[in-house]
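File shown: protein.tsv (TSV, C-alpha atoms).
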chain	number	residue	atom	x	y	z
A	1	MET	CA	-8.44	31.72	-17.72
A	2	VAL	CA	-10.94	30.60	-20.35
A	3	GLN	CA	-8.10	29.69	-22.68
A	4	ILE	CA	-6.35	27.69	-19.98
A	5	ALA	CA	-9.54	25.76	-19.28
A	6	VAL	CA	-9.93	24.98	-22.98
A	7	ALA	CA	-6.29	23.96	-23.34
A	8	ARG	CA	-6.52	21.67	-20.33
A	9	SER	CA	-9.50	19.76	-21.64
A	10	GLY	CA	-8.74	19.63	-25.38
A	11	PRO	CA	-7.67	16.36	-27.08
A	12	ARG	CA	-4.00	17.40	-27.28
A	13	SER	CA	-3.96	18.24	-23.62
A	14	GLN	CA	-5.58	14.88	-22.83
A	15	GLU	CA	-2.81	13.10	-24.72
A	16	LYS	CA	-0.19	15.10	-22.89
A	17	ARG	CA	-1.79	14.28	-19.54
A	18	ALA	CA	-1.86	10.57	-20.42
A	19	GLU	CA	1.82	10.70	-21.38
A	20	ILE	CA	2.69	12.44	-18.10
A	21	LEU	CA	0.77	9.81	-16.13
A	22	ARG	CA	2.61	6.94	-17.84
A	23	ARG	CA	5.97	8.57	-17.22
A	24	ALA	CA	5.12	9.40	-13.61
A	25	ALA	CA	3.97	5.83	-12.92
A	26	ASP	CA	7.26	4.61	-14.38
A	27	ALA	CA	9.29	6.99	-12.19
A	28	PHE	CA	7.32	5.91	-9.10
A	29	ARG	CA	8.01	2.27	-9.95
A	30	ARG	CA	11.73	2.78	-10.35
A	31	ARG	CA	12.46	5.14	-7.47
A	32	GLY	CA	9.46	4.75	-5.16
A	33	PHE	CA	6.65	7.27	-4.78
A	34	HIS	CA	8.13	9.11	-1.81
A	35	ALA	CA	11.60	9.48	-3.30
A	36	THR	CA	10.31	10.85	-6.64
A	37	GLY	CA	9.76	14.61	-6.94
A	38	MET	CA	7.75	16.64	-9.47
A	39	ARG	CA	11.13	17.92	-10.65
A	40	ASP	CA	12.29	14.35	-11.52
A	41	ILE	CA	9.08	13.66	-13.43
A	42	ALA	CA	9.35	16.95	-15.34
A	43	ARG	CA	12.98	16.18	-16.24
A	44	SER	CA	12.11	12.70	-17.58
A	45	LEU	CA	9.54	14.39	-19.87
A	46	GLY	CA	11.87	17.17	-20.96
A	47	MET	CA	9.48	19.70	-19.39
A	48	THR	CA	10.08	22.49	-16.90
A	49	PRO	CA	8.54	21.91	-13.44
A	50	GLY	CA	6.29	24.92	-14.17
A	51	ALA	CA	4.91	23.25	-17.31
A	52	LEU	CA	4.22	20.07	-15.37
A	53	TYR	CA	2.32	22.02	-12.69
A	54	TYR	CA	0.15	23.40	-15.48
A	55	TYR	CA	-1.22	19.88	-16.04
A	56	PHE	CA	-1.18	18.56	-12.45
A	57	ARG	CA	-1.43	20.70	-9.33
A	58	SER	CA	0.77	18.48	-7.16
A	59	LYS	CA	2.39	15.04	-6.90
A	60	GLY	CA	-0.64	13.90	-4.89
A	61	ASP	CA	-2.90	15.06	-7.72
A	62	LEU	CA	-0.84	13.06	-10.20
A	63	LEU	CA	-1.11	10.03	-7.93
A	64	TYR	CA	-4.88	10.46	-7.83
A	65	PHE	CA	-5.17	10.41	-11.64
A	66	CYS	CA	-2.87	7.34	-11.86
A	67	GLN	CA	-5.14	5.45	-9.44
A	68	GLN	CA	-8.36	6.80	-11.00
A	69	HIS	CA	-7.26	5.51	-14.40
A	70	SER	CA	-6.54	1.95	-13.24
A	71	LEU	CA	-9.52	1.74	-10.87
A	72	ARG	CA	-12.00	2.80	-13.59
A	73	ARG	CA	-10.68	0.10	-15.83
A	74	LEU	CA	-10.56	-2.59	-13.11
A	75	LEU	CA	-14.10	-1.83	-11.97
A	76	GLY	CA	-15.48	-1.71	-15.53
A	77	GLU	CA	-13.93	-5.08	-16.35
A	78	GLY	CA	-14.90	-6.60	-12.98
A	79	ARG	CA	-18.56	-5.68	-13.40
A	80	ALA	CA	-18.64	-6.86	-17.02
A	81	ILE	CA	-17.17	-10.23	-15.99
A	82	LEU	CA	-19.64	-10.61	-13.11
A	83	SER	CA	-22.70	-10.03	-15.33
A	84	ARG	CA	-21.56	-12.43	-18.04
A	85	PRO	CA	-22.95	-16.02	-18.18
A	86	GLY	CA	-20.61	-18.83	-17.12
A	87	GLY	CA	-19.08	-20.61	-14.13
A	88	GLU	CA	-17.60	-18.72	-11.20
A	89	GLY	CA	-14.20	-20.42	-11.43
A	90	GLU	CA	-13.66	-19.32	-15.01
A	91	LYS	CA	-14.98	-15.81	-14.29
A	92	LEU	CA	-12.62	-15.42	-11.37
A	93	ARG	CA	-9.68	-16.56	-13.49
A	94	THR	CA	-10.62	-13.97	-16.10
A	95	LEU	CA	-10.94	-11.26	-13.47
A	96	ILE	CA	-7.54	-12.03	-11.93
A	97	ARG	CA	-5.84	-12.09	-15.33
A	98	ALA	CA	-7.48	-8.76	-16.26
A	99	HIS	CA	-6.38	-7.25	-12.93
A	100	VAL	CA	-2.75	-8.32	-13.31
A	101	GLU	CA	-2.55	-7.18	-16.92
A	102	THR	CA	-4.13	-3.79	-16.10
A	103	LEU	CA	-1.59	-3.23	-13.34
A	104	LEU	CA	1.40	-4.25	-15.43
A	105	ASP	CA	0.48	-3.04	-18.91
A	106	GLU	CA	-1.58	0.06	-18.22
A	107	THR	CA	0.14	1.62	-15.25
A	108	GLY	CA	3.57	0.13	-15.81
A	109	GLY	CA	3.45	-1.97	-12.63
A	110	SER	CA	3.75	1.08	-10.47
A	111	ALA	CA	3.62	0.68	-6.70
A	112	ALA	CA	1.86	4.07	-6.73
A	113	HIS	CA	-1.28	1.93	-7.04
A	114	LEU	CA	-0.92	1.06	-3.33
A	115	GLU	CA	-0.18	4.57	-2.02
A	116	VAL	CA	-3.62	5.46	-0.72
A	117	ARG	CA	-2.34	7.44	2.24
A	118	ALA	CA	-0.35	9.81	0.03
A	119	LEU	CA	-3.49	10.96	-1.86
A	120	PRO	CA	-4.67	14.53	-1.26
A	121	SER	CA	-7.32	14.23	1.50
A	122	GLY	CA	-10.08	15.64	-0.73
A	123	ARG	CA	-9.35	13.00	-3.39
A	124	ARG	CA	-9.14	10.03	-1.04
A	125	PRO	CA	-12.91	9.37	-0.58
A	126	TRP	CA	-13.50	8.77	-4.31
A	127	ILE	CA	-10.56	6.34	-4.53
A	128	LEU	CA	-11.59	4.49	-1.36
A	129	ALA	CA	-15.19	4.21	-2.64
A	130	GLN	CA	-13.98	2.76	-5.96
A	131	ARG	CA	-11.65	0.33	-4.20
A	132	ASP	CA	-14.54	-0.77	-1.99
A	133	ALA	CA	-16.80	-1.20	-5.03
A	134	TYR	CA	-14.17	-3.37	-6.69
A	135	GLU	CA	-13.68	-5.47	-3.56
A	136	THR	CA	-17.47	-5.89	-3.37
A	137	THR	CA	-17.57	-7.14	-6.99
A	138	LEU	CA	-14.89	-9.69	-6.22
A	139	ARG	CA	-16.56	-10.78	-2.96
A	140	ARG	CA	-19.91	-11.16	-4.75
A	141	LEU	CA	-18.33	-13.45	-7.35
A	142	ILE	CA	-16.78	-15.60	-4.60
A	143	THR	CA	-20.07	-15.70	-2.65
A	144	ARG	CA	-21.91	-16.90	-5.76
A	145	GLY	CA	-19.28	-19.56	-6.33
A	146	VAL	CA	-19.66	-20.81	-2.75
A	147	ARG	CA	-23.48	-20.92	-3.14
A	148	SER	CA	-23.35	-22.71	-6.49
A	149	GLY	CA	-20.91	-25.26	-5.09
A	150	ALA	CA	-18.14	-24.27	-7.52
A	151	PHE	CA	-16.03	-23.07	-4.58
A	152	ARG	CA	-15.37	-24.54	-1.16
A	153	PRO	CA	-17.16	-22.90	1.80
A	154	VAL	CA	-14.56	-20.15	2.32
A	155	ASP	CA	-15.08	-16.78	4.01
A	156	PRO	CA	-15.66	-14.60	0.89
A	157	LYS	CA	-14.26	-11.49	2.59
A	158	LEU	CA	-10.94	-13.14	3.55
A	159	ALA	CA	-10.67	-14.98	0.24
A	160	ALA	CA	-11.18	-11.68	-1.64
A	161	LEU	CA	-8.51	-9.99	0.49
A	162	ALA	CA	-6.06	-12.86	-0.10
A	163	ILE	CA	-6.56	-12.52	-3.87
A	164	LEU	CA	-6.25	-8.72	-3.82
A	165	GLY	CA	-3.12	-8.87	-1.66
A	166	ALA	CA	-1.46	-11.35	-3.99
A	167	VAL	CA	-2.24	-9.49	-7.21
A	168	ASN	CA	-1.62	-5.97	-5.90
A	169	GLY	CA	1.63	-7.13	-4.32
A	170	ILE	CA	3.02	-7.89	-7.79
A	171	VAL	CA	3.85	-4.19	-8.19
A	172	LEU	CA	6.29	-4.49	-5.27
A	173	TRP	CA	8.64	-6.83	-7.15
A	174	TRP	CA	7.78	-6.65	-10.86
A	175	LYS	CA	10.25	-5.09	-13.31
A	176	PRO	CA	9.42	-4.69	-17.03
A	177	GLU	CA	12.89	-6.03	-17.90
A	178	GLY	CA	12.37	-9.19	-15.75
A	179	PRO	CA	12.12	-12.67	-17.34
A	180	ARG	CA	8.36	-13.19	-16.89
A	181	ARG	CA	5.82	-11.50	-19.20
A	182	PRO	CA	2.64	-9.97	-17.72
A	183	ALA	CA	0.41	-12.61	-19.37
A	184	GLU	CA	2.52	-15.42	-17.85
A	185	ILE	CA	2.33	-13.91	-14.36
A	186	ALA	CA	-1.40	-13.27	-14.81
A	187	GLY	CA	-2.04	-16.89	-15.80
A	188	ALA	CA	0.03	-18.38	-12.95
A	189	PHE	CA	-1.65	-16.19	-10.33
A	190	ALA	CA	-5.12	-17.00	-11.68
A	191	GLU	CA	-4.38	-20.75	-11.45
A	192	VAL	CA	-2.90	-20.69	-7.94
A	193	LEU	CA	-5.52	-18.36	-6.49
A	194	VAL	CA	-8.64	-19.86	-8.08
A	195	GLY	CA	-7.38	-23.39	-7.52
A	196	GLY	CA	-7.49	-22.68	-3.79
A	197	LEU	CA	-11.20	-22.00	-3.92
A	198	GLU	CA	-12.41	-24.70	-6.29
A	199	ARG	CA	-13.57	-28.04	-4.95
B	1	MET	CA	30.66	7.21	26.22
B	2	VAL	CA	31.39	3.88	27.86
B	3	GLN	CA	28.44	4.36	30.19
B	4	ILE	CA	26.15	5.10	27.29
B	5	ALA	CA	27.25	1.95	25.50
B	6	VAL	CA	26.59	-0.09	28.65
B	7	ALA	CA	23.17	1.51	29.18
B	8	ARG	CA	22.18	0.83	25.60
B	9	SER	CA	22.95	-2.83	25.75
B	10	GLY	CA	21.84	-3.69	29.31
B	11	PRO	CA	18.68	-5.75	29.97
B	12	ARG	CA	16.66	-2.70	31.03
B	13	SER	CA	17.64	-0.86	27.92
B	14	GLN	CA	16.67	-3.90	25.82
B	15	GLU	CA	13.21	-3.87	27.38
B	16	LYS	CA	12.85	-0.19	26.70
B	17	ARG	CA	13.92	-0.65	23.10
B	18	ALA	CA	11.38	-3.46	22.65
B	19	GLU	CA	8.65	-1.24	24.09
B	20	ILE	CA	9.61	1.60	21.75
B	21	LEU	CA	9.53	-0.76	18.76
B	22	ARG	CA	6.04	-2.01	19.64
B	23	ARG	CA	4.75	1.52	20.08
B	24	ALA	CA	6.40	2.74	16.88
B	25	ALA	CA	4.94	-0.18	14.88
B	26	ASP	CA	1.53	0.71	16.28
B	27	ALA	CA	1.90	4.39	15.31
B	28	PHE	CA	3.06	3.39	11.79
B	29	ARG	CA	0.01	1.14	11.43
B	30	ARG	CA	-2.44	3.83	12.51
B	31	ARG	CA	-1.02	6.85	10.71
B	32	GLY	CA	1.25	5.39	8.02
B	33	PHE	CA	5.03	5.32	8.14
B	34	HIS	CA	5.57	8.52	6.19
B	35	ALA	CA	3.07	10.58	8.19
B	36	THR	CA	4.49	9.51	11.58
B	37	GLY	CA	7.34	11.53	13.06
B	38	MET	CA	9.84	10.68	15.83
B	39	ARG	CA	8.06	13.37	17.83
B	40	ASP	CA	4.71	11.48	17.59
B	41	ILE	CA	6.36	8.24	18.69
B	42	ALA	CA	8.11	9.96	21.61
B	43	ARG	CA	4.82	11.56	22.69
B	44	SER	CA	2.97	8.21	22.66
B	45	LEU	CA	5.65	6.84	25.00
B	46	GLY	CA	5.65	9.88	27.30
B	47	MET	CA	9.30	10.50	26.35
B	48	THR	CA	11.05	13.57	25.04
B	49	PRO	CA	12.26	13.33	21.41
B	50	GLY	CA	15.81	13.60	22.80
B	51	ALA	CA	15.30	10.51	24.97
B	52	LEU	CA	13.94	8.59	21.97
B	53	TYR	CA	16.99	9.53	19.88
B	54	TYR	CA	19.13	8.06	22.65
B	55	TYR	CA	17.70	4.62	21.79
B	56	PHE	CA	17.28	4.99	18.00
B	57	ARG	CA	19.30	7.31	15.78
B	58	SER	CA	16.48	8.02	13.30
B	59	LYS	CA	13.06	6.90	12.16
B	60	GLY	CA	14.76	4.82	9.47
B	61	ASP	CA	16.82	3.14	12.20
B	62	LEU	CA	13.65	2.34	14.12
B	63	LEU	CA	12.12	0.92	10.94
B	64	TYR	CA	15.18	-1.27	10.48
B	65	PHE	CA	14.86	-2.80	13.95
B	66	CYS	CA	11.10	-3.39	13.44
B	67	GLN	CA	11.83	-5.34	10.26
B	68	GLN	CA	14.87	-7.09	11.71
B	69	HIS	CA	12.75	-8.37	14.60
B	70	SER	CA	10.01	-9.88	12.42
B	71	LEU	CA	12.38	-11.19	9.74
B	72	ARG	CA	14.52	-13.04	12.30
B	73	ARG	CA	11.45	-14.72	13.63
B	74	LEU	CA	9.95	-15.52	10.22
B	75	LEU	CA	13.19	-16.97	8.94
B	76	GLY	CA	13.79	-19.01	12.10
B	77	GLU	CA	10.32	-20.51	11.93
B	78	GLY	CA	10.46	-21.04	8.18
B	79	ARG	CA	13.72	-23.00	8.36
B	80	ALA	CA	12.50	-25.05	11.32
B	81	ILE	CA	9.31	-25.96	9.44
B	82	LEU	CA	11.26	-26.90	6.30
B	83	SER	CA	13.58	-29.29	8.12
B	84	ARG	CA	10.78	-31.06	10.00
B	85	PRO	CA	9.39	-34.39	8.74
B	86	GLY	CA	5.92	-34.34	7.13
B	87	GLY	CA	4.02	-33.50	3.95
B	88	GLU	CA	4.61	-30.27	2.06
B	89	GLY	CA	0.94	-29.21	2.17
B	90	GLU	CA	0.82	-29.33	5.95
B	91	LYS	CA	4.21	-27.64	6.27
B	92	LEU	CA	3.15	-24.82	3.99
B	93	ARG	CA	-0.07	-24.34	5.98
B	94	THR	CA	1.99	-24.13	9.18
B	95	LEU	CA	4.40	-21.65	7.59
B	96	ILE	CA	1.59	-19.37	6.34
B	97	ARG	CA	-0.14	-19.45	9.72
B	98	ALA	CA	3.13	-18.62	11.49
B	99	HIS	CA	3.80	-15.77	9.06
B	100	VAL	CA	0.36	-14.18	9.53
B	101	GLU	CA	0.49	-14.52	13.31
B	102	THR	CA	4.00	-13.04	13.47
B	103	LEU	CA	2.90	-10.03	11.43
B	104	LEU	CA	-0.24	-9.42	13.43
B	105	ASP	CA	0.75	-10.41	16.95
B	106	GLU	CA	4.42	-9.51	17.08
B	107	THR	CA	4.60	-6.32	15.10
B	108	GLY	CA	1.01	-5.21	15.57
B	109	GLY	CA	0.11	-5.62	11.90
B	110	SER	CA	2.25	-2.67	10.95
B	111	ALA	CA	2.58	-1.73	7.30
B	112	ALA	CA	6.12	-0.68	8.23
B	113	HIS	CA	6.95	-4.29	7.37
B	114	LEU	CA	6.61	-3.37	3.67
B	115	GLU	CA	8.59	-0.10	3.71
B	116	VAL	CA	11.89	-1.36	2.35
B	117	ARG	CA	12.67	1.80	0.43
B	118	ALA	CA	12.48	3.95	3.55
B	119	LEU	CA	15.30	1.98	5.26
B	120	PRO	CA	18.63	3.77	5.75
B	121	SER	CA	20.72	2.76	2.72
B	122	GLY	CA	23.38	1.10	4.89
B	123	ARG	CA	20.74	-1.07	6.60
B	124	ARG	CA	18.93	-2.12	3.43
B	125	PRO	CA	21.31	-4.89	2.26
B	126	TRP	CA	20.85	-6.95	5.46
B	127	ILE	CA	17.05	-6.68	5.24
B	128	LEU	CA	17.00	-7.53	1.53
B	129	ALA	CA	19.26	-10.53	2.13
B	130	GLN	CA	16.98	-11.81	4.90
B	131	ARG	CA	13.88	-11.30	2.76
B	132	ASP	CA	15.56	-13.20	-0.07
B	133	ALA	CA	16.53	-16.00	2.31
B	134	TYR	CA	12.93	-16.26	3.50
B	135	GLU	CA	11.59	-16.28	-0.06
B	136	THR	CA	14.11	-19.03	-0.89
B	137	THR	CA	12.88	-21.13	2.03
B	138	LEU	CA	9.31	-20.79	0.82
B	139	ARG	CA	10.25	-21.53	-2.80
B	140	ARG	CA	12.21	-24.59	-1.72
B	141	LEU	CA	9.19	-25.95	0.14
B	142	ILE	CA	6.97	-25.43	-2.93
B	143	THR	CA	9.59	-27.04	-5.24
B	144	ARG	CA	9.72	-30.11	-2.98
B	145	GLY	CA	5.93	-30.31	-3.00
B	146	VAL	CA	5.87	-30.19	-6.80
B	147	ARG	CA	8.54	-32.92	-6.98
B	148	SER	CA	6.80	-35.17	-4.45
B	149	GLY	CA	3.50	-34.76	-6.30
B	150	ALA	CA	1.79	-33.08	-3.33
B	151	PHE	CA	1.45	-29.89	-5.38
B	152	ARG	CA	0.45	-29.28	-8.96
B	153	PRO	CA	3.26	-28.39	-11.42
B	154	VAL	CA	3.26	-24.65	-10.62
B	155	ASP	CA	6.10	-22.18	-11.13
B	156	PRO	CA	7.58	-22.16	-7.57
B	157	LYS	CA	8.83	-18.60	-7.91
B	158	LEU	CA	5.44	-17.16	-8.91
B	159	ALA	CA	3.56	-19.32	-6.40
B	160	ALA	CA	5.87	-18.10	-3.60
B	161	LEU	CA	5.34	-14.48	-4.66
B	162	ALA	CA	1.56	-14.96	-4.74
B	163	ILE	CA	1.64	-16.34	-1.19
B	164	LEU	CA	3.96	-13.59	0.08
B	165	GLY	CA	1.84	-10.87	-1.55
B	166	ALA	CA	-1.35	-12.21	0.00
B	167	VAL	CA	0.03	-12.57	3.53
B	168	ASN	CA	2.11	-9.38	3.57
B	169	GLY	CA	-0.85	-7.44	2.15
B	170	ILE	CA	-2.83	-8.19	5.33
B	171	VAL	CA	-1.03	-5.32	7.06
B	172	LEU	CA	-2.62	-2.91	4.55
B	173	TRP	CA	-6.17	-3.53	5.83
B	174	TRP	CA	-5.92	-5.22	9.24
B	175	LYS	CA	-7.02	-3.37	12.38
B	176	PRO	CA	-6.65	-4.92	15.87
B	177	GLU	CA	-10.21	-3.80	16.69
B	178	GLY	CA	-11.66	-5.53	13.57
B	179	PRO	CA	-13.98	-8.54	13.83
B	180	ARG	CA	-11.51	-11.25	12.74
B	181	ARG	CA	-8.85	-12.58	15.11
B	182	PRO	CA	-5.28	-13.18	13.81
B	183	ALA	CA	-5.64	-16.97	14.15
B	184	GLU	CA	-8.85	-16.92	12.09
B	185	ILE	CA	-7.24	-14.87	9.32
B	186	ALA	CA	-4.14	-17.09	9.45
B	187	GLY	CA	-6.22	-20.27	9.07
B	188	ALA	CA	-8.34	-18.91	6.19
B	189	PHE	CA	-5.29	-17.69	4.26
B	190	ALA	CA	-3.47	-21.00	4.77
B	191	GLU	CA	-6.47	-22.92	3.38
B	192	VAL	CA	-7.05	-20.71	0.34
B	193	LEU	CA	-3.37	-20.42	-0.58
B	194	VAL	CA	-2.30	-24.03	-0.04
B	195	GLY	CA	-5.53	-25.35	-1.58
B	196	GLY	CA	-4.47	-23.70	-4.83
B	197	LEU	CA	-1.29	-25.74	-4.96
B	198	GLU	CA	-2.51	-29.15	-3.83
B	199	ARG	CA	-3.69	-31.67	-6.38
Starting from the file, lay out its structure as structure tokens.
Amino acid sequence: MVQIAVARSGPRSQEKRAEILRRAADAFRRRGFHATGMRDIARSLGMTPGALYYYFRSKGDLLYFCQQHSLRRLLGEGRAILSRPGGEGEKLRTLIRAHVETLLDETGGSAAHLEVRALPSGRRPWILAQRDAYETTLRRLITRGVRSGAFRPVDPKLAALAILGAVNGIVLWWKPEGPRRPAEIAGAFAEVLVGGLER
Amino acid sequence: MVQIAVARSGPRSQEKRAEILRRAADAFRRRGFHATGMRDIARSLGMTPGALYYYFRSKGDLLYFCQQHSLRRLLGEGRAILSRPGGEGEKLRTLIRAHVETLLDETGGSAAHLEVRALPSGRRPWILAQRDAYETTLRRLITRGVRSGAFRPVDPKLAALAILGAVNGIVLWWKPEGPRRPAEIAGAFAEVLVGGLER
């Protein structure tokens, strides 16, 4: 048991876990979360299902680590952008671009990002709390922009939800082999969405 | 067999089917599509599962008719708005408001609207074709607005996808008992999303 614990947390094991997460996110994107089994993910990695279960207890557990990874990064970037000097319009553009690029580059544009209901019930509260914290960061930035006069007098809650819906929805149609690069999509979404708030 | 066919297509049967669809959409919204069984839907209607299967062959079949109902309406309204005289900004506002109100009033804000992968494979092509036709209508309206100078020179494809993501994403957070009425949400989304395109 001690050896297993060491193996699971060592640097090699961390790399292996990261590789499994990338491959799982890719499988979820291609086939959908519900249609993808642990067996499919193991096969795509050339592993036995038993070896995969050594790293992740269940498909729900794998989903949790996929979402944890992207949420940590989104929240870290969101808070850094908020505390930086500068105008709210430019900050919001930066935040939207960072969000789109995180979703498409880091997690392979996987729709697993939206599957909150499929999380193991014990894991759900942490994810929901992080999602709320991220939404709060975004709402705070919009509220400041409305107060400073950079943005029109919109309802910050609904404006934040419109932005989140648009950017998160990208994972429902995006394909890595499609004609538009992540940076291009990120830029276009930032322009359309921030343009709707600016005076 | 003839009697069954008659019963299924008579006006009473149509009413019953519409009632089942409303109740199913509501159950999908509250518990999620994947966690809701035919048994749960039957129970909420005071029917036996057998009676429910008389009207709909499977949960996937029920999902198909939910989506068919809202897509028919969305597409009908979208095409009517497109062919009307008037400016593109105002038309796009009307289309977004109609879309949000259809999702929230007609289908009870059910996330089942987004579950394309869970459709029976034989039913999927019709739904995908209708979704494409709706996206084309929206893209056409944006292209005209760019040409007329009403809108900034955006990529119509990406702008349409941003709008669709934002409005379809509402079903992921909306609750009928929440503080904001459908018309209020519809108006706020129309302003934020169209404002981003107008010069």
Got a sec to pull out which chain B residues are within 6 Å of chain A, counting only C-alpha atoms, and send them as a ChimeraX atom specification?
/B:162,165-166,169,192-193,195-196
Using all atoms listed in the file, which residues sit within 10 Å of Glu115 (chain B) once same-chain residues fewer than 4 positions away are excluded, as JSON, numbers by chain?
{"B": [33, 34, 60, 63, 64, 67, 110, 111, 119]}
Within 10 Å of (8.6, 15.8, 17.6), only C-alpha atoms: residues as a count of residues only?
12
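The smallest atom-to-atom distance between Ile142 (chain B) and any of B:Leu21, B:Leu95, B:Leu75, B:Ala51, using all atoms listed in the file, is found for B:Leu95.
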Complete region 79-100 of chain A at the level of N, CA and C atoms, written as a CSV table (one decimal), in the frame of the given file.
chain,number,residue,atom,x,y,z
A,79,ARG,N,-17.1,-5.6,-13.3
A,79,ARG,CA,-18.6,-5.7,-13.4
A,79,ARG,C,-19.0,-6.4,-14.7
A,80,ALA,N,-18.3,-6.2,-15.8
A,80,ALA,CA,-18.6,-6.9,-17.0
A,80,ALA,C,-18.5,-8.4,-16.9
A,81,ILE,N,-17.4,-8.8,-16.2
A,81,ILE,CA,-17.2,-10.2,-16.0
A,81,ILE,C,-18.3,-10.8,-15.1
A,82,LEU,N,-18.6,-10.1,-14.1
A,82,LEU,CA,-19.6,-10.6,-13.1
A,82,LEU,C,-21.0,-10.8,-13.8
A,83,SER,N,-21.4,-10.0,-14.7
A,83,SER,CA,-22.7,-10.0,-15.3
A,83,SER,C,-22.8,-11.0,-16.5
A,84,ARG,N,-21.6,-11.5,-16.9
A,84,ARG,CA,-21.6,-12.4,-18.0
A,84,ARG,C,-22.1,-13.8,-17.6
A,85,PRO,N,-22.6,-14.6,-18.6
A,85,PRO,CA,-23.0,-16.0,-18.2
A,85,PRO,C,-21.7,-16.8,-18.0
A,86,GLY,N,-21.8,-17.9,-17.3
A,86,GLY,CA,-20.6,-18.8,-17.1
A,86,GLY,C,-20.3,-19.2,-15.7
A,87,GLY,N,-19.4,-20.1,-15.5
A,87,GLY,CA,-19.1,-20.6,-14.1
A,87,GLY,C,-18.2,-19.6,-13.4
A,88,GLU,N,-18.3,-19.7,-12.0
A,88,GLU,CA,-17.6,-18.7,-11.2
A,88,GLU,C,-16.1,-18.9,-11.3
A,89,GLY,N,-15.6,-20.2,-11.4
A,89,GLY,CA,-14.2,-20.4,-11.4
A,89,GLY,C,-13.6,-19.7,-12.6
A,90,GLU,N,-14.2,-19.9,-13.8
A,90,GLU,CA,-13.7,-19.3,-15.0
A,90,GLU,C,-13.7,-17.8,-15.0
A,91,LYS,N,-14.8,-17.3,-14.4
A,91,LYS,CA,-15.0,-15.8,-14.3
A,91,LYS,C,-13.9,-15.2,-13.4
A,92,LEU,N,-13.6,-15.9,-12.3
A,92,LEU,CA,-12.6,-15.4,-11.4
A,92,LEU,C,-11.2,-15.5,-12.0
A,93,ARG,N,-11.0,-16.5,-12.8
A,93,ARG,CA,-9.7,-16.6,-13.5
A,93,ARG,C,-9.5,-15.4,-14.4
A,94,THR,N,-10.6,-15.1,-15.1
A,94,THR,CA,-10.6,-14.0,-16.1
A,94,THR,C,-10.4,-12.7,-15.4
A,95,LEU,N,-11.1,-12.5,-14.2
A,95,LEU,CA,-10.9,-11.3,-13.5
A,95,LEU,C,-9.5,-11.1,-13.0
A,96,ILE,N,-8.9,-12.1,-12.5
A,96,ILE,CA,-7.5,-12.0,-11.9
A,96,ILE,C,-6.6,-11.7,-13.1
A,97,ARG,N,-6.7,-12.4,-14.2
A,97,ARG,CA,-5.8,-12.1,-15.3
A,97,ARG,C,-6.0,-10.6,-15.8
A,98,ALA,N,-7.2,-10.2,-15.8
A,98,ALA,CA,-7.5,-8.8,-16.3
A,98,ALA,C,-6.9,-7.8,-15.3
A,99,HIS,N,-6.9,-8.1,-14.0
A,99,HIS,CA,-6.4,-7.2,-12.9
A,99,HIS,C,-4.9,-7.2,-13.1
A,100,VAL,N,-4.2,-8.3,-13.2
A,100,VAL,CA,-2.8,-8.3,-13.3
A,100,VAL,C,-2.3,-7.6,-14.6
